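Coordinates from target.tsv are shown below (TSV, C-alpha atoms).
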chain	number	residue	atom	x	y	z
L	1	MET	CA	107.32	249.63	117.57
L	2	SER	CA	104.01	250.99	116.30
L	3	ASN	CA	105.47	252.56	113.18
L	4	PRO	CA	106.37	249.33	111.28
L	5	VAL	CA	102.85	247.97	111.87
L	6	LEU	CA	101.30	251.14	110.49
L	7	ASN	CA	103.59	251.01	107.45
L	8	ALA	CA	102.78	247.37	106.81
L	9	ALA	CA	99.05	248.18	106.76
L	10	GLU	CA	99.66	251.00	104.28
L	11	VAL	CA	101.72	248.77	102.03
L	12	ARG	CA	98.98	246.13	101.97
L	13	VAL	CA	96.35	248.68	100.83
L	14	TYR	CA	98.72	249.99	98.16
L	15	HIS	CA	99.30	246.51	96.73
L	16	GLN	CA	95.58	245.71	96.49
L	17	ALA	CA	94.94	248.86	94.47
L	18	GLU	CA	97.77	247.97	92.10
L	19	VAL	CA	96.53	244.43	91.48
L	20	GLU	CA	92.98	245.55	90.70
L	21	HIS	CA	94.21	248.20	88.31
L	22	GLY	CA	96.40	245.77	86.37
L	23	GLY	CA	93.56	243.22	86.19
L	24	GLY	CA	91.22	245.89	84.80
L	25	GLY	CA	93.50	246.58	81.85
L	26	ALA	CA	93.75	242.93	80.89
L	27	THR	CA	89.99	242.39	81.39
L	28	MET	CA	89.07	244.52	78.39
L	29	LEU	CA	91.32	242.58	76.00
L	30	GLY	CA	90.25	239.25	77.49
L	31	PHE	CA	86.58	240.13	77.16
L	32	TRP	CA	87.18	241.27	73.60
L	33	ILE	CA	88.74	237.88	72.78
L	34	TYR	CA	85.68	236.17	74.34
L	35	LEU	CA	83.44	238.28	72.07
L	36	MET	CA	85.52	237.31	69.05
L	37	SER	CA	85.13	233.61	69.92
L	38	ASP	CA	81.39	234.22	70.30
L	39	ALA	CA	81.47	235.77	66.80
L	40	LEU	CA	82.86	232.44	65.55
L	41	ILE	CA	79.86	230.58	67.04
L	42	PHE	CA	77.56	232.91	65.14
L	43	ALA	CA	79.70	232.61	61.99
L	44	SER	CA	79.20	228.83	61.98
L	45	LEU	CA	75.44	229.28	62.55
L	46	PHE	CA	75.26	231.82	59.69
L	47	ALA	CA	77.21	229.38	57.48
L	48	VAL	CA	74.75	226.59	58.27
L	49	PHE	CA	71.88	228.97	57.58
L	50	GLY	CA	73.44	229.85	54.21
L	51	VAL	CA	73.64	226.16	53.31
L	52	LEU	CA	70.17	225.12	54.57
L	53	SER	CA	68.14	228.28	53.90
L	54	ARG	CA	66.40	226.81	50.83
L	55	ASN	CA	65.69	223.34	52.24
L	56	TYR	CA	61.98	223.81	52.97
L	57	ALA	CA	61.04	220.08	52.76
L	58	GLY	CA	57.66	221.12	51.35
L	59	GLY	CA	57.04	223.30	54.41
L	60	PRO	CA	56.56	227.07	54.59
L	61	GLY	CA	59.29	229.35	53.19
L	62	PRO	CA	60.49	232.76	54.42
L	63	LYS	CA	57.71	234.68	52.64
L	64	GLN	CA	55.02	232.68	54.46
L	65	VAL	CA	56.55	232.79	57.95
L	66	PHE	CA	58.26	236.20	58.25
L	67	ASP	CA	56.36	239.31	59.30
L	68	LEU	CA	58.72	242.16	58.35
L	69	SER	CA	56.85	244.85	60.30
L	70	LEU	CA	57.46	242.82	63.48
L	71	VAL	CA	61.16	242.46	62.57
L	72	ALA	CA	61.41	246.21	61.90
L	73	LEU	CA	59.93	246.89	65.34
L	74	ASN	CA	62.40	244.46	66.93
L	75	THR	CA	65.32	246.04	65.07
L	76	ALA	CA	64.24	249.48	66.29
L	77	PHE	CA	64.16	248.17	69.90
L	78	LEU	CA	67.65	246.69	69.71
L	79	LEU	CA	69.25	249.60	67.83
L	80	GLY	CA	67.55	252.01	70.24
L	81	SER	CA	68.91	250.05	73.21
L	82	SER	CA	72.43	250.25	71.75
L	83	ILE	CA	72.10	254.04	71.54
L	84	THR	CA	70.69	254.36	75.08
L	85	PHE	CA	73.57	252.21	76.38
L	86	GLY	CA	75.98	254.63	74.67
L	87	LEU	CA	74.26	257.50	76.50
L	88	GLY	CA	74.62	255.54	79.75
L	89	MET	CA	78.36	255.11	79.16
L	90	GLN	CA	78.69	258.85	78.55
L	91	ALA	CA	76.90	259.46	81.86
L	92	MET	CA	79.37	257.03	83.51
L	93	GLU	CA	82.33	258.96	82.13
L	94	ALA	CA	80.78	262.18	83.46
L	95	ASP	CA	80.62	260.48	86.91
L	96	ARG	CA	76.83	260.72	87.11
L	97	ALA	CA	75.68	257.48	88.76
L	98	GLY	CA	71.94	258.28	88.74
L	99	ARG	CA	71.94	259.10	85.04
L	100	THR	CA	73.96	255.94	84.28
L	101	ARG	CA	71.36	253.83	86.10
L	102	PHE	CA	68.52	255.62	84.27
L	103	TRP	CA	69.92	254.90	80.79
L	104	LEU	CA	70.87	251.36	81.82
L	105	ALA	CA	67.27	250.76	82.96
L	106	ILE	CA	65.92	252.14	79.63
L	107	THR	CA	68.35	249.83	77.79
L	108	GLY	CA	67.07	246.90	79.83
L	109	LEU	CA	63.42	247.76	79.05
L	110	LEU	CA	64.17	247.98	75.30
L	111	GLY	CA	66.05	244.68	75.49
L	112	ALA	CA	63.13	243.05	77.32
L	113	ALA	CA	60.76	244.40	74.64
L	114	PHE	CA	63.02	242.82	72.00
L	115	VAL	CA	62.94	239.41	73.70
L	116	GLY	CA	59.16	239.75	74.20
L	117	VAL	CA	58.51	240.44	70.50
L	118	GLU	CA	60.81	237.59	69.51
L	119	LEU	CA	59.00	235.13	71.78
L	120	HIS	CA	55.69	236.38	70.33
L	121	GLU	CA	57.06	235.74	66.81
L	122	PHE	CA	58.24	232.23	67.78
L	123	SER	CA	54.88	231.33	69.33
L	124	ASN	CA	53.08	232.56	66.19
L	125	LEU	CA	55.31	230.31	64.07
L	126	VAL	CA	54.71	227.29	66.30
L	127	ALA	CA	50.95	228.01	66.19
L	128	ILE	CA	50.87	227.78	62.36
L	129	GLY	CA	52.91	224.56	62.45
L	130	ALA	CA	56.24	226.15	61.46
L	131	THR	CA	58.17	224.40	64.25
L	132	PRO	CA	61.92	223.61	64.20
L	133	GLN	CA	61.02	220.00	63.34
L	134	ARG	CA	59.21	221.01	60.14
L	135	SER	CA	62.20	221.58	57.82
L	136	ALA	CA	65.98	222.17	57.79
L	137	PHE	CA	65.30	225.84	57.03
L	138	LEU	CA	63.12	226.24	60.13
L	139	SER	CA	65.60	224.24	62.29
L	140	ILE	CA	68.48	226.58	61.52
L	141	PHE	CA	66.21	229.65	61.68
L	142	PHE	CA	65.17	228.80	65.25
L	143	THR	CA	68.76	227.85	66.21
L	144	LEU	CA	70.35	231.04	64.84
L	145	VAL	CA	67.71	233.53	65.98
L	146	GLY	CA	67.19	231.63	69.26
L	147	THR	CA	70.94	231.67	70.07
L	148	HIS	CA	70.96	235.43	69.55
L	149	GLY	CA	67.82	235.81	71.67
L	150	LEU	CA	69.43	233.73	74.44
L	151	HIS	CA	72.46	236.03	74.39
L	152	VAL	CA	70.15	239.07	74.74
L	153	THR	CA	68.38	237.33	77.65
L	154	PHE	CA	71.70	236.78	79.46
L	155	GLY	CA	72.56	240.42	78.71
L	156	LEU	CA	69.30	241.39	80.45
L	157	ILE	CA	70.27	239.38	83.54
L	158	TRP	CA	73.63	241.17	83.51
L	159	ILE	CA	71.91	244.58	83.17
L	160	VAL	CA	69.69	243.86	86.20
L	161	THR	CA	72.77	242.72	88.15
L	162	MET	CA	74.58	245.95	87.28
L	163	LEU	CA	71.56	248.05	88.26
L	164	VAL	CA	71.65	246.43	91.71
L	165	GLN	CA	75.43	246.80	92.03
L	166	LEU	CA	75.33	250.44	90.94
L	167	GLY	CA	72.60	251.06	93.51
L	168	GLN	CA	74.64	249.46	96.28
L	169	ARG	CA	78.14	250.70	95.48
L	170	GLY	CA	77.88	253.46	92.90
L	171	LEU	CA	80.45	254.06	90.16
L	172	THR	CA	83.41	252.22	91.70
L	173	GLU	CA	86.41	251.17	89.66
L	174	ALA	CA	85.15	247.57	89.49
L	175	ASN	CA	81.64	248.65	88.45
L	176	ARG	CA	83.08	250.86	85.68
L	177	ARG	CA	85.05	247.92	84.34
L	178	ARG	CA	81.95	245.67	84.46
L	179	LEU	CA	79.84	248.31	82.72
L	180	MET	CA	82.43	248.62	79.95
L	181	CYS	CA	82.40	244.85	79.40
L	182	LEU	CA	78.59	244.83	79.38
L	183	SER	CA	78.60	247.73	76.91
L	184	MET	CA	80.88	245.79	74.54
L	185	PHE	CA	78.66	242.70	74.92
L	186	TRP	CA	75.49	244.67	74.17
L	187	HIS	CA	76.91	246.49	71.11
L	188	PHE	CA	78.26	243.14	69.88
L	189	LEU	CA	74.75	241.60	70.05
L	190	ASP	CA	73.44	244.51	68.00
L	191	ILE	CA	76.10	243.80	65.35
L	192	ILE	CA	75.02	240.14	65.21
L	193	TRP	CA	71.42	241.32	64.81
L	194	ILE	CA	72.45	243.38	61.72
L	195	GLY	CA	73.54	240.08	60.16
L	196	VAL	CA	70.32	238.36	61.26
L	197	PHE	CA	67.86	240.95	59.94
L	198	THR	CA	69.79	241.33	56.67
L	199	PHE	CA	70.66	237.74	55.77
L	200	VAL	CA	67.78	235.87	57.42
L	201	TYR	CA	64.76	238.19	57.16
L	202	LEU	CA	65.36	240.71	54.33
L	203	PHE	CA	67.20	238.29	52.00
L	204	GLY	CA	64.58	235.64	52.80
L	205	VAL	CA	61.69	237.88	51.81
L	206	ILE	CA	63.17	239.21	48.54
L	207	ARG	CA	64.20	235.73	47.40
W	1	MET	CA	92.31	268.07	99.95
W	2	SER	CA	89.23	266.60	98.31
W	3	THR	CA	90.39	267.51	94.79
W	4	PRO	CA	93.31	265.03	94.60
W	5	ALA	CA	91.14	262.36	96.24
W	6	THR	CA	88.48	262.66	93.53
W	7	ALA	CA	91.05	263.13	90.79
W	8	ALA	CA	92.98	259.98	91.70
W	9	PRO	CA	90.30	257.39	90.77
W	10	ARG	CA	89.59	259.30	87.55
W	11	ALA	CA	93.28	259.20	86.68
W	12	THR	CA	93.57	255.44	87.28
W	13	SER	CA	90.31	254.63	85.54
W	14	SER	CA	91.12	256.82	82.54
W	15	HIS	CA	93.84	254.33	81.66
W	16	ALA	CA	91.25	251.58	81.21
W	17	VAL	CA	88.58	253.94	79.87
W	18	ALA	CA	90.87	255.29	77.17
W	19	ALA	CA	90.93	251.82	75.62
W	20	GLY	CA	87.18	251.62	75.15
W	21	HIS	CA	85.77	255.08	74.66
W	22	GLY	CA	85.84	257.55	71.86
W	23	SER	CA	84.41	260.98	71.38
W	24	LYS	CA	80.85	262.13	71.89
W	25	ARG	CA	80.72	263.31	68.28
W	26	GLY	CA	81.72	259.85	67.02
W	27	PHE	CA	78.83	258.37	69.00
W	28	VAL	CA	76.29	260.84	67.54
W	29	THR	CA	77.60	260.25	64.00
W	30	GLY	CA	77.45	256.49	64.57
W	31	SER	CA	73.87	256.65	65.87
W	32	ILE	CA	72.61	258.71	62.91
W	33	LEU	CA	74.45	256.53	60.36
W	34	SER	CA	73.20	253.27	61.89
W	35	ILE	CA	69.58	254.51	61.94
W	36	LEU	CA	69.88	255.50	58.25
W	37	LEU	CA	71.55	252.20	57.32
W	38	THR	CA	68.74	250.28	59.08
W	39	VAL	CA	65.84	252.30	57.65
W	40	ILE	CA	67.09	252.16	54.02
W	41	PRO	CA	67.18	248.34	53.63
W	42	PHE	CA	63.86	247.81	55.48
W	43	TRP	CA	62.15	250.51	53.41
W	44	LEU	CA	63.55	249.09	50.14
W	45	VAL	CA	62.33	245.58	50.88
W	46	MET	CA	58.96	246.48	52.45
W	47	SER	CA	57.96	249.01	49.78
W	48	GLY	CA	59.59	247.11	46.90
W	49	SER	CA	60.54	250.39	45.26
W	50	LEU	CA	63.63	248.94	43.57
W	51	HIS	CA	61.99	246.61	41.08
W	52	SER	CA	65.15	244.58	40.47
W	53	GLN	CA	65.69	241.82	43.03
W	54	GLN	CA	69.45	241.84	42.44
W	55	ALA	CA	69.73	245.60	42.96
W	56	THR	CA	67.76	245.35	46.22
W	57	ALA	CA	69.97	242.48	47.41
W	58	LEU	CA	73.11	244.46	46.57
W	59	VAL	CA	71.92	247.59	48.39
W	60	ILE	CA	70.88	245.74	51.58
W	61	PHE	CA	74.14	243.75	51.55
W	62	ILE	CA	76.22	246.94	51.28
W	63	SER	CA	74.09	248.65	53.98
W	64	ALA	CA	74.68	245.73	56.36
W	65	MET	CA	78.45	245.71	55.79
W	66	MET	CA	78.62	249.51	56.25
W	67	GLN	CA	76.50	249.35	59.40
W	68	ILE	CA	78.73	246.65	60.89
W	69	ILE	CA	81.79	248.86	60.27
W	70	VAL	CA	79.97	251.91	61.74
W	71	HIS	CA	79.09	249.92	64.90
W	72	VAL	CA	82.62	248.54	65.30
W	73	VAL	CA	84.24	251.97	64.88
W	74	CYS	CA	81.73	254.29	66.61
W	75	PHE	CA	80.23	252.02	69.32
W	76	LEU	CA	82.95	249.46	70.05
W	77	HIS	CA	85.73	252.04	69.40
W	78	VAL	CA	88.06	249.61	67.67
W	79	ASP	CA	91.15	251.45	66.48
W	80	ALA	CA	94.85	250.77	66.04
W	81	GLN	CA	95.71	252.32	69.43
W	82	SER	CA	93.48	250.40	71.89
W	83	GLU	CA	95.35	247.78	73.99
W	84	GLY	CA	98.47	248.36	71.93
W	85	GLY	CA	96.80	247.23	68.71
W	86	TRP	CA	95.76	243.80	70.02
W	87	ILE	CA	92.02	244.65	69.85
W	88	LEU	CA	92.29	245.49	66.14
W	89	LEU	CA	94.50	242.47	65.46
W	90	ALA	CA	92.05	240.07	67.16
W	91	PHE	CA	89.19	241.69	65.25
W	92	ILE	CA	90.89	241.36	61.85
W	93	PHE	CA	91.83	237.73	62.60
W	94	THR	CA	88.22	236.95	63.57
W	95	ALA	CA	86.83	238.74	60.51
W	96	ILE	CA	89.07	236.58	58.26
W	97	ILE	CA	87.98	233.34	60.01
W	98	VAL	CA	84.31	234.42	59.83
W	99	GLY	CA	84.72	235.11	56.10
W	100	ILE	CA	86.40	231.76	55.44
W	101	THR	CA	83.76	229.88	57.48
W	102	ILE	CA	80.73	231.46	55.83
W	103	VAL	CA	81.93	231.86	52.22
W	104	GLY	CA	83.80	228.54	52.29
W	105	SER	CA	80.85	226.55	53.69
W	106	ILE	CA	78.37	227.97	51.21
W	107	TRP	CA	80.80	227.54	48.29
W	108	VAL	CA	81.66	223.92	49.10
W	109	MET	CA	78.11	222.86	50.03
W	110	TYR	CA	76.60	224.52	46.93
W	111	HIS	CA	78.93	222.49	44.66
W	112	LEU	CA	78.31	219.28	46.60
W	113	ASP	CA	74.59	219.95	46.34
W	114	SER	CA	74.61	220.58	42.59
W	115	ASN	CA	76.75	217.47	42.00
W	116	MET	CA	74.82	215.05	44.22
W	117	MET	CA	71.19	216.13	44.30
W	118	PRO	CA	68.70	214.60	41.84
W	119	MET	CA	68.97	216.62	38.65
W	120	SER	CA	66.30	218.70	37.01
W	121	VAL	CA	65.16	217.77	33.47
W	122	GLU	CA	67.06	220.72	31.95
W	123	ALA	CA	70.29	219.73	33.70
W	124	MET	CA	69.88	216.14	32.47
W	125	ASN	CA	69.38	217.35	28.91
W	126	GLN	CA	72.52	219.45	29.11
W	127	MET	CA	74.55	216.41	30.17
W	128	GLN	CA	73.68	214.42	27.07

Go through the file and emit its structure as structure tokens.
Amino acid sequence: MSNPVLNAAEVRVYHQAEVEHGGGGATMLGFWIYLMSDALIFASLFAVFGVLSRNYAGGPGPKQVFDLSLVALNTAFLLGSSITFGLGMQAMEADRAGRTRFWLAITGLLGAAFVGVELHEFSNLVAIGATPQRSAFLSIFFTLVGTHGLHVTFGLIWIVTMLVQLGQRGLTEANRRRLMCLSMFWHFLDIIWIGVFTFVYLFGVIR
Amino acid sequence: MSTPATAAPRATSSHAVAAGHGSKRGFVTGSILSILLTVIPFWLVMSGSLHSQQATALVIFISAMMQIIVHVVCFLHVDAQSEGGWILLAFIFTAIIVGITIVGSIWVMYHLDSNMMPMSVEAMNQMQ
């Protein structure tokens, strides 16, 4: 009589493992489709920026409000964080949990530095009167760059969450899947930033 | 006995990992290329060494497009194999929609603008 009970317990464990595995495969594609829909949000913001980027309404233009050395610093932070995240993912594939957490923490610090510099830039602009209310150009500038900054901020929350989860459970199957989604999210934000620093800042200054 | 136990999670995870991760060499190449493609446009604009504005604009535009491709291939590992080709298909579809949205909006709004905004004196003279 004890044998069927034992078998039933084994079968239950086996089924759980199967379900999680199947869900993991679909998660990557689903998350990719989310990222693509996020790309469409940014595409519409870039389109609006393209249309409104010369509507200064007598207010300051890109040459007066952009400090390229600050943008270069910010770009270095975000590109650096993309590279450190790649190193973290390599550590994950080598099954080294401590190293993964180390690179993830460095990525988080670089991301926090990025958000810090961006907030500093925004407060400088507001201090000289270049607020979103000033002109259509400044409205879309704050909306586009702010939406990207908000994404990075949520990425930071996710990084902190993963640091805690890695500390509690290590490199489990679920944590690997989450880290891979976070890695895609973070690299995606870096790609959006390429568009921002090229079309908003560099094009704005040479115009 | 411990070898199969440690090998089993690797074997199951490698199925999902294979979709998202390329080689170490691809990552190093991608990192070097993306640093170069970031430094070049910033240096060109900040030093102003290309005296033509159009040439500078062309170079930084091409750098940005190349860097986006480098990131997608080397960091996001998009290729024809991952998830049975669906990753690449979704990416191409999105790239087309992004292109239509941005180019189309600017094209249409530029023409609306030049037809409806108050004209400059030169434009008025050309009309007569």

Q) When distances are computed from all atoms listed in the file, which of L:Ile33, L:Ala26, L:Leu119, L:Leu40 shows the smallest separation from Leu88 of chain W? A)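 Residue with the minimum atom-to-atom distance to Leu88 of chain W: L:Ile33.
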
What are the closest atom pairs, with distances in Å to one decimal, for each residue of chain W lying within 7 Å of chain L, using all atoms listed in the file, rows by chain and rising residue number, as JSON lines?
{"residue": "W:Ser13", "atom": "CA", "partner": "L:Glu173", "partner_atom": "CA", "distance": 6.6}
{"residue": "W:Ala16", "atom": "CA", "partner": "L:Gly25", "partner_atom": "CA", "distance": 5.5}
{"residue": "W:Ser31", "atom": "CA", "partner": "L:Ile83", "partner_atom": "CA", "distance": 6.5}
{"residue": "W:Val45", "atom": "CA", "partner": "L:Leu202", "partner_atom": "CA", "distance": 6.7}
{"residue": "W:Gln53", "atom": "CA", "partner": "L:Ile206", "partner_atom": "CA", "distance": 6.6}
{"residue": "W:Ala57", "atom": "CA", "partner": "L:Phe203", "partner_atom": "CA", "distance": 6.8}
{"residue": "W:Ile60", "atom": "CA", "partner": "L:Thr198", "partner_atom": "CA", "distance": 6.8}
{"residue": "W:Ala64", "atom": "CA", "partner": "L:Ile194", "partner_atom": "CA", "distance": 6.3}
{"residue": "W:Ile68", "atom": "CA", "partner": "L:Ile191", "partner_atom": "CA", "distance": 5.9}
{"residue": "W:His71", "atom": "CA", "partner": "L:Ile191", "partner_atom": "CA", "distance": 6.8}
{"residue": "W:Phe75", "atom": "CA", "partner": "L:His187", "partner_atom": "CA", "distance": 6.7}
{"residue": "W:Leu76", "atom": "CA", "partner": "L:Met184", "partner_atom": "CA", "distance": 6.2}
{"residue": "W:Glu83", "atom": "CA", "partner": "L:Leu29", "partner_atom": "CA", "distance": 6.9}
{"residue": "W:Ile87", "atom": "CA", "partner": "L:Leu29", "partner_atom": "CA", "distance": 6.5}
{"residue": "W:Ala90", "atom": "CA", "partner": "L:Ile33", "partner_atom": "CA", "distance": 6.9}
{"residue": "W:Phe91", "atom": "CA", "partner": "L:Met36", "partner_atom": "CA", "distance": 6.9}
{"residue": "W:Thr94", "atom": "CA", "partner": "L:Met36", "partner_atom": "CA", "distance": 6.1}
{"residue": "W:Val98", "atom": "CA", "partner": "L:Ala43", "partner_atom": "CA", "distance": 5.4}
{"residue": "W:Thr101", "atom": "CA", "partner": "L:Ser44", "partner_atom": "CA", "distance": 6.5}
{"residue": "W:Ile102", "atom": "CA", "partner": "L:Ala47", "partner_atom": "CA", "distance": 4.4}
{"residue": "W:Ser105", "atom": "CA", "partner": "L:Ala47", "partner_atom": "CA", "distance": 6.0}
{"residue": "W:Ile106", "atom": "CA", "partner": "L:Val51", "partner_atom": "CA", "distance": 5.5}
{"residue": "W:Met109", "atom": "CA", "partner": "L:Val51", "partner_atom": "CA", "distance": 6.5}

Q | Neighbour list for segment 107-111 of chain L as a ChimeraX atom specification, cut-off 9 Å, only C-alpha atoms, skip fewer than 3 positions in-chain | A | /L:77-78,80-85,88,102-104,114-116,152-153,155-157,159-160

Q.
Please report the interatomic distance between atom CA of Lys63 of chain L and atom CA of Val200 of chain L in Å with one decimal.
A.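 Value for the atom CA of Lys63 of chain L-atom CA of Val200 of chain L distance: 11.2 Å.
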
Q | Coordinates-based distance that separates atom CA of Ser82 of chain W from atom CA of Arg99 of chain L (Å, one decimal) | A |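 Computed distance, atom CA of Arg99 of chain L to atom CA of Ser82 of chain W, equals 26.7 Å.
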
Q. So how many Å separate atom CA of Ala95 of chain W and atom CA of Val78 of chain W, to one decimal?
A.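 Going from atom CA of Ala95 of chain W over to atom CA of Val78 of chain W covers 13.1 Å.
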
Q. From the set L:Val65, L:Val117, L:Arg54, L:Leu73, which residue has the shortest atom-to-atom contact distance to Val39 of chain W, counting only C-alpha atoms?
A. L:Leu73

Q | Which of L:Tyr56, L:His120, L:Met92, L:Leu163 sits closest to Leu70 of chain L [using all atoms listed in the file] | A |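 Among the listed residues, the smallest separation from Leu70 of chain L belongs to L:His120.
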